[in-house]
Amino acid sequence: MKELGIDIETYSRVDLADCGVYRYAEDPEFRLLLFAYAIDGGEAEVVSVGTGKNLPDEVLRSLTDPKVTKTAFNATFERVCLTRWMRDLGLIGRDEWLNPMQWRCTMAAALRCGLPGSLAQCGEVLGLDDRGEGKMKEGRALIRKFSCPDRKGVRTEPESDPEAWRLFMEYCKRDVEVEQAVLRKVRRIVQPKWEDHLYEVDQRINDRGVQIDPVFAANAKRMADEYTARLMDECRRLTGLENPNSPAQLKKWLGEQAGASVTSLRKGDLDDIGASLGGHGTAARVLAIRKEAGKTSVKKYEAMLGCMCSDGRIHGLLQYYGAARTGRWAGRLVQVQNLPQNHLEDLDGARAMVRAGDLDDFELNYAPMQTLSELIRTAFVAGEGRVFHVCDFSAIEARVVAWLAGEEWVLEVFRNGGDIYCATASQMFGVPVEKHGRNAELRAKGKIAVLALGYGGGVSALDAMGGSRMGLTEREMRDVMNKWRNANPRIVRLWSNIEKAAIRTAETGTETVINRNLAFNMEYGCLTVRLPSGRKIVYPRARVEPFVKRFGDTERPTEALRYEGLNQTTKKWERIETYGGKMTENIVQAIARDILATVLMKADDIGMRVVFHVHDEIIVESDGWPELEQVEDLFSRPLGWAKGLPLKGAGYTTPYYMKD
């Protein structure tokens, strides 16, 4: 046996979606119910496992045999659940994990090909449903019946409904067959071997997990709940409403106070309503309560406690290849990718008061909801006797887009350790700009231009980045855009080069190679872009399609590159239009991801304990080794596939996670 394809069905009282597979598999009543498998791509079989070792000996031995590659769709689930099962049977040690080096994830392979991360959707997109070979539709109901407790909290036994159990076994077996069919398809587009190594590193990071301060998190959740209840009581007294948390009731009441119809309670709309009321009186206080009580970020404390495992750590915070085009990670469970920033000067003092748990005392010293929101990061703590070294890349996307385009003046700024925002403003306005000196007021325009305009964006991009809040008019934003583009002609040309290369390859099927050896090809109906690292971005079923574009009152026939992908708003698989600026963003962010991936692999190779990472930042748990300088060194090492790209990392040491 060389390869074993696996799909399992399990039982647990823990909600998998809310708590994650690591906490799910810790439930004392966890059971492995069904084990379906295919050996070397052959015919699928399914076994009703129960609590015994009634798998074929060959299959059981293969689970720990390093010579046998195990595959599954979302292999993390199978590997973690089988780890729990084999620990219970004494087949592996109590603290041992099934080795991720021996596993390959079919879902990860599908995501690398730009396909959906759902087995049902993946099979549908690949045409398996059309041939009657797709995922069985009855699966969801069968999982509710046998894999979850009933309304009384009791597990449904197979003997209670033999026909449903037989269908459940058939469903599990079919999943292996679908997974094998998907695997044959996605293996056709070959990715570099280091991606498999990166997946292994990702699994080790998730297995390691990160420690939570349970006293702090529990007190923070309780204080947020109690303070919100106080706010609601005050709001009832002020408004006379039975439920001031009801949008319908509150909109009606506010409309009466404002003398106008209130259609939305979004934050920006609340600000507008407040302005119309002059910021005084009862209604202004009600608006303030609504804004304060509406801080949903504090719900993360509840999420932390819900998915914390028996070792006091949260496992599985990151989803490998969560973004189909760039390959970047997605946050899971607590969503570490969008944690609020902290601006408090005295984090230690605020944390100590939360740990003490006295809400009245806390309210005397801090704005409760805002402070609890800013403290969320600090719930992640280093283990006893350890600290965190937090290190990230400086302006990584600005570096990469300039390197890719060959915008040498930008690269020289980075090589010489300059301030890119000052240098950009100087280039744009033709005067020296110093952060705290000459023409310092122009630095803000340089900063917003760097952050907003690198991918073909214009006035709307500047506005979304905060142009209006800076006090810039539309005319001033257009001036900023034009000056930035004039200062960065090679980056502007890059957008066009990428779009032309993609269209040419999609139309002719021939390879096109442009800046820094970016190679565009058509493979099995997909447009692929080979990055400098060797990894490929995949645009499924890409082709150039005609359409009519409106310019004011006129229409002009043109054409655009479209491909198939998952609409992030509707979650439906549909055709998506792309263009040079958007593809540039995909490519730059993908290269930045590969740079971080290289750091993660180097850190893993030398034994650094990375506990999680966020965007372009890693968090290393250290017991004295490594020191911060050794972590920072990983960020500044030159890459063989990115010659001439100036890289730099900066970090700090802290007992808990924070934004320095």
# chains A, B, ... in the order shown; residues from 1 in each chain; ligands from 1
call {"tool": "closest_atom_pairs", "arguments": {"of": "stretch 206-322 of chain A", "to": "stretch 354-365 of chain A", "cutoff": "8 Å", "atoms": "only C-alpha atoms", "output": "CSV"}}
result
residue,atom,partner,partner_atom,distance
A:Val215,CA,A:Arg355,CA,6.2
A:Phe216,CA,A:Arg355,CA,4.8
A:Asn219,CA,A:Gly357,CA,5.6
A:Ala220,CA,A:Val354,CA,6.1
A:Met223,CA,A:Leu359,CA,6.0
A:Tyr227,CA,A:Leu359,CA,7.8
call {"tool": "write_last_selection", "arguments": {"atoms": "C-alpha atoms", "output": "compact mmCIF listing (two decimals), in the first residue's frame"}}
result
# COMPACT_ATOMS: atom_id res chain seq x y z
CA VAL A 215 -9.38 33.96 34.17
CA PHE A 216 -8.89 37.10 32.11
CA ASN A 219 -13.92 37.97 33.52
CA ALA A 220 -13.83 40.03 30.33
CA MET A 223 -17.97 42.20 32.52
CA TYR A 227 -22.12 46.25 31.38
call {"tool": "residues_around", "arguments": {"residues": "A:Gln335", "least_positions_apart": "4", "cutoff": "12 Å", "atoms": "only C-alpha atoms", "output": "ChimeraX atom specification"}}
result
/A:18,297,299-301,303-304,314,316-319,329-331,339-340,376-377,612-615
call {"tool": "write_last_selection", "arguments": {"atoms": "C-alpha atoms", "output": "PDB file, in the first residue's frame"}}
result
ATOM      1  CA  ASP A  18     -18.212  26.987  16.799  1.00  0.00           C
ATOM      2  CA  SER A 297     -15.658  42.374  18.956  1.00  0.00           C
ATOM      3  CA  LYS A 299     -17.902  38.348  21.542  1.00  0.00           C
ATOM      4  CA  LYS A 300     -14.436  36.976  20.806  1.00  0.00           C
ATOM      5  CA  TYR A 301     -13.987  36.304  24.521  1.00  0.00           C
ATOM      6  CA  ALA A 303     -15.462  32.279  21.268  1.00  0.00           C
ATOM      7  CA  MET A 304     -12.094  31.832  22.990  1.00  0.00           C
ATOM      8  CA  ILE A 314      -6.751  27.074  21.376  1.00  0.00           C
ATOM      9  CA  GLY A 316      -6.779  25.362  14.790  1.00  0.00           C
ATOM     10  CA  LEU A 317      -6.846  29.165  14.585  1.00  0.00           C
ATOM     11  CA  LEU A 318      -5.663  29.244  10.978  1.00  0.00           C
ATOM     12  CA  GLN A 319      -6.961  27.757   7.747  1.00  0.00           C
ATOM     13  CA  TRP A 329      -4.363  31.916   5.508  1.00  0.00           C
ATOM     14  CA  ALA A 330      -7.867  32.581   6.800  1.00  0.00           C
ATOM     15  CA  GLY A 331      -8.729  33.035  10.460  1.00  0.00           C
ATOM     16  CA  LEU A 339      -8.542  41.603  16.064  1.00  0.00           C
ATOM     17  CA  PRO A 340      -9.060  45.202  17.240  1.00  0.00           C
ATOM     18  CA  ILE A 376      -8.810  41.120  23.229  1.00  0.00           C
ATOM     19  CA  ARG A 377      -5.328  40.466  21.847  1.00  0.00           C
ATOM     20  CA  PHE A 612       0.118  31.477  15.240  1.00  0.00           C
ATOM     21  CA  HIS A 613       0.608  34.184  12.636  1.00  0.00           C
ATOM     22  CA  VAL A 614      -1.440  37.145  11.416  1.00  0.00           C
ATOM     23  CA  HIS A 615      -1.072  38.629   7.930  1.00  0.00           C
TER      24      HIS A 615
END
call {"tool": "select_by_dssp", "arguments": {"residues": "stretch 281-322 of chain A", "states": "strand (DSSP E or B)", "output": "list in words"}}
result
Arg313, Ile314, Leu318 and Gln319 of chain A
call {"tool": "write_last_selection", "arguments": {"atoms": "C-alpha atoms", "output": "PDB file, in the first residue's frame"}}
result
ATOM      1  CA  ARG A 313      -4.770  26.331  24.527  1.00  0.00           C
ATOM      2  CA  ILE A 314      -6.751  27.074  21.376  1.00  0.00           C
ATOM      3  CA  LEU A 318      -5.663  29.244  10.978  1.00  0.00           C
ATOM      4  CA  GLN A 319      -6.961  27.757   7.747  1.00  0.00           C
TER       5      GLN A 319
END
call {"tool": "residues_around", "arguments": {"residues": "A:Phe73", "least_positions_apart": "4", "cutoff": "8 Å", "atoms": "only C-alpha atoms", "output": "PyMOL selection string"}}
result
chain A and resi 7+105-108+119+179
call {"tool": "write_last_selection", "arguments": {"atoms": "N, CA and C atoms", "output": "short mmCIF file (atom, residue, chain, number, x, y, z; two decimals), in the first residue's frame"}}
result
data_model
loop_
_atom_site.label_atom_id
_atom_site.label_comp_id
_atom_site.auth_asym_id
_atom_site.auth_seq_id
_atom_site.Cartn_x
_atom_site.Cartn_y
_atom_site.Cartn_z
N ASP A 7 -12.26 8.70 4.73
CA ASP A 7 -13.33 9.59 5.19
C ASP A 7 -13.96 8.94 6.41
N CYS A 105 -3.84 16.76 2.11
CA CYS A 105 -5.22 17.23 2.18
C CYS A 105 -5.76 17.50 0.78
N THR A 106 -6.82 16.80 0.40
CA THR A 106 -7.43 16.98 -0.91
C THR A 106 -8.11 18.34 -1.00
N MET A 107 -8.67 18.83 0.11
CA MET A 107 -9.26 20.16 0.11
C MET A 107 -8.20 21.21 -0.16
N ALA A 108 -7.03 21.06 0.47
CA ALA A 108 -5.93 22.01 0.23
C ALA A 108 -5.51 21.98 -1.23
N LEU A 119 -16.60 19.96 -0.28
CA LEU A 119 -16.56 18.76 -1.13
C LEU A 119 -17.76 18.72 -2.06
N GLU A 179 -13.99 12.07 -3.11
CA GLU A 179 -12.67 12.62 -2.80
C GLU A 179 -11.59 12.06 -3.74
#
call {"tool": "closest_residue", "arguments": {"among": "A:Ile273, A:Gly383, A:Asp479, A:Tyr320", "to": "A:Glu195", "atoms": "only C-alpha atoms"}}
result
A:Tyr320
call {"tool": "residues_around", "arguments": {"residues": "A:Tyr37", "least_positions_apart": "2", "cutoff": "8 Å", "atoms": "only C-alpha atoms", "output": "NGL selection string"}}
result
:A and (4-7 or 35 or 39 or 44-46 or 173 or 176)
call {"tool": "atom_distance", "arguments": {"atom1": "atom CA of A:Val190", "atom2": "atom CA of A:Ala597"}}
result
18.3 Å
call {"tool": "select_by_dssp", "arguments": {"residues": "stretch 103-139 of chain A", "states": "helix (DSSP H, G or I)", "output": "MDAnalysis selection string"}}
result
chainID A and resid 106:112 119:125 129:131 139
call {"tool": "write_last_selection", "arguments": {"atoms": "C-alpha atoms", "output": "CSV table (one decimal), in the first residue's frame"}}
result
chain,number,residue,atom,x,y,z
A,106,THR,CA,-7.4,17.0,-0.9
A,107,MET,CA,-9.3,20.2,0.1
A,108,ALA,CA,-5.9,22.0,0.2
A,109,ALA,CA,-5.1,20.7,-3.2
A,110,ALA,CA,-8.5,21.9,-4.5
A,111,LEU,CA,-8.0,25.3,-3.0
A,112,ARG,CA,-4.6,25.5,-4.7
A,119,LEU,CA,-16.6,18.8,-1.1
A,120,ALA,CA,-20.1,19.1,-2.4
A,121,GLN,CA,-19.4,22.3,-4.3
A,122,CYS,CA,-16.1,20.9,-5.6
A,123,GLY,CA,-17.8,17.8,-7.0
A,124,GLU,CA,-20.5,19.9,-8.6
A,125,VAL,CA,-17.9,22.3,-10.2
A,129,ASP,CA,-23.0,15.5,-10.0
A,130,ASP,CA,-23.8,15.4,-13.7
A,131,ARG,CA,-22.5,11.8,-13.9
A,139,GLY,CA,-25.8,13.4,4.2
call {"tool": "decode", "arguments": {"residues": "stretch 71-111 of chain A", "atoms": "C-alpha atoms", "output": "tab-separated table (two decimals), in the first residue's frame"}}
result
chain	number	residue	atom	x	y	z
A	71	THR	CA	-5.37	11.55	2.05
A	72	ALA	CA	-8.68	13.12	3.04
A	73	PHE	CA	-10.79	16.14	2.17
A	74	ASN	CA	-10.06	18.55	5.04
A	75	ALA	CA	-7.49	16.08	6.36
A	76	THR	CA	-7.15	18.01	9.63
A	77	PHE	CA	-10.51	16.61	10.72
A	78	GLU	CA	-9.58	13.01	9.99
A	79	ARG	CA	-6.08	13.32	11.47
A	80	VAL	CA	-7.21	14.98	14.73
A	81	CYS	CA	-10.20	12.68	15.25
A	82	LEU	CA	-8.18	9.54	14.49
A	83	THR	CA	-5.48	10.81	16.87
A	84	ARG	CA	-8.09	10.90	19.67
A	85	TRP	CA	-9.43	7.45	18.73
A	86	MET	CA	-5.98	5.85	18.59
A	87	ARG	CA	-4.95	7.45	21.89
A	88	ASP	CA	-8.04	5.95	23.53
A	89	LEU	CA	-7.13	2.52	22.15
A	90	GLY	CA	-3.53	2.84	23.30
A	91	LEU	CA	-2.23	2.66	19.74
A	92	ILE	CA	-0.27	5.92	20.14
A	93	GLY	CA	0.91	7.90	23.17
A	94	ARG	CA	-1.43	10.19	25.15
A	95	ASP	CA	0.45	13.31	23.98
A	96	GLU	CA	1.28	12.03	20.48
A	97	TRP	CA	-0.26	13.33	17.25
A	98	LEU	CA	-0.63	11.44	14.01
A	99	ASN	CA	2.24	12.91	12.00
A	100	PRO	CA	1.09	15.53	9.44
A	101	MET	CA	4.12	14.62	7.30
A	102	GLN	CA	2.24	11.45	6.36
A	103	TRP	CA	-0.97	13.27	5.34
A	104	ARG	CA	-2.06	15.12	2.23
A	105	CYS	CA	-5.22	17.23	2.18
A	106	THR	CA	-7.43	16.98	-0.91
A	107	MET	CA	-9.26	20.16	0.11
A	108	ALA	CA	-5.93	22.01	0.23
A	109	ALA	CA	-5.07	20.67	-3.22
A	110	ALA	CA	-8.47	21.85	-4.51
A	111	LEU	CA	-7.98	25.31	-3.00
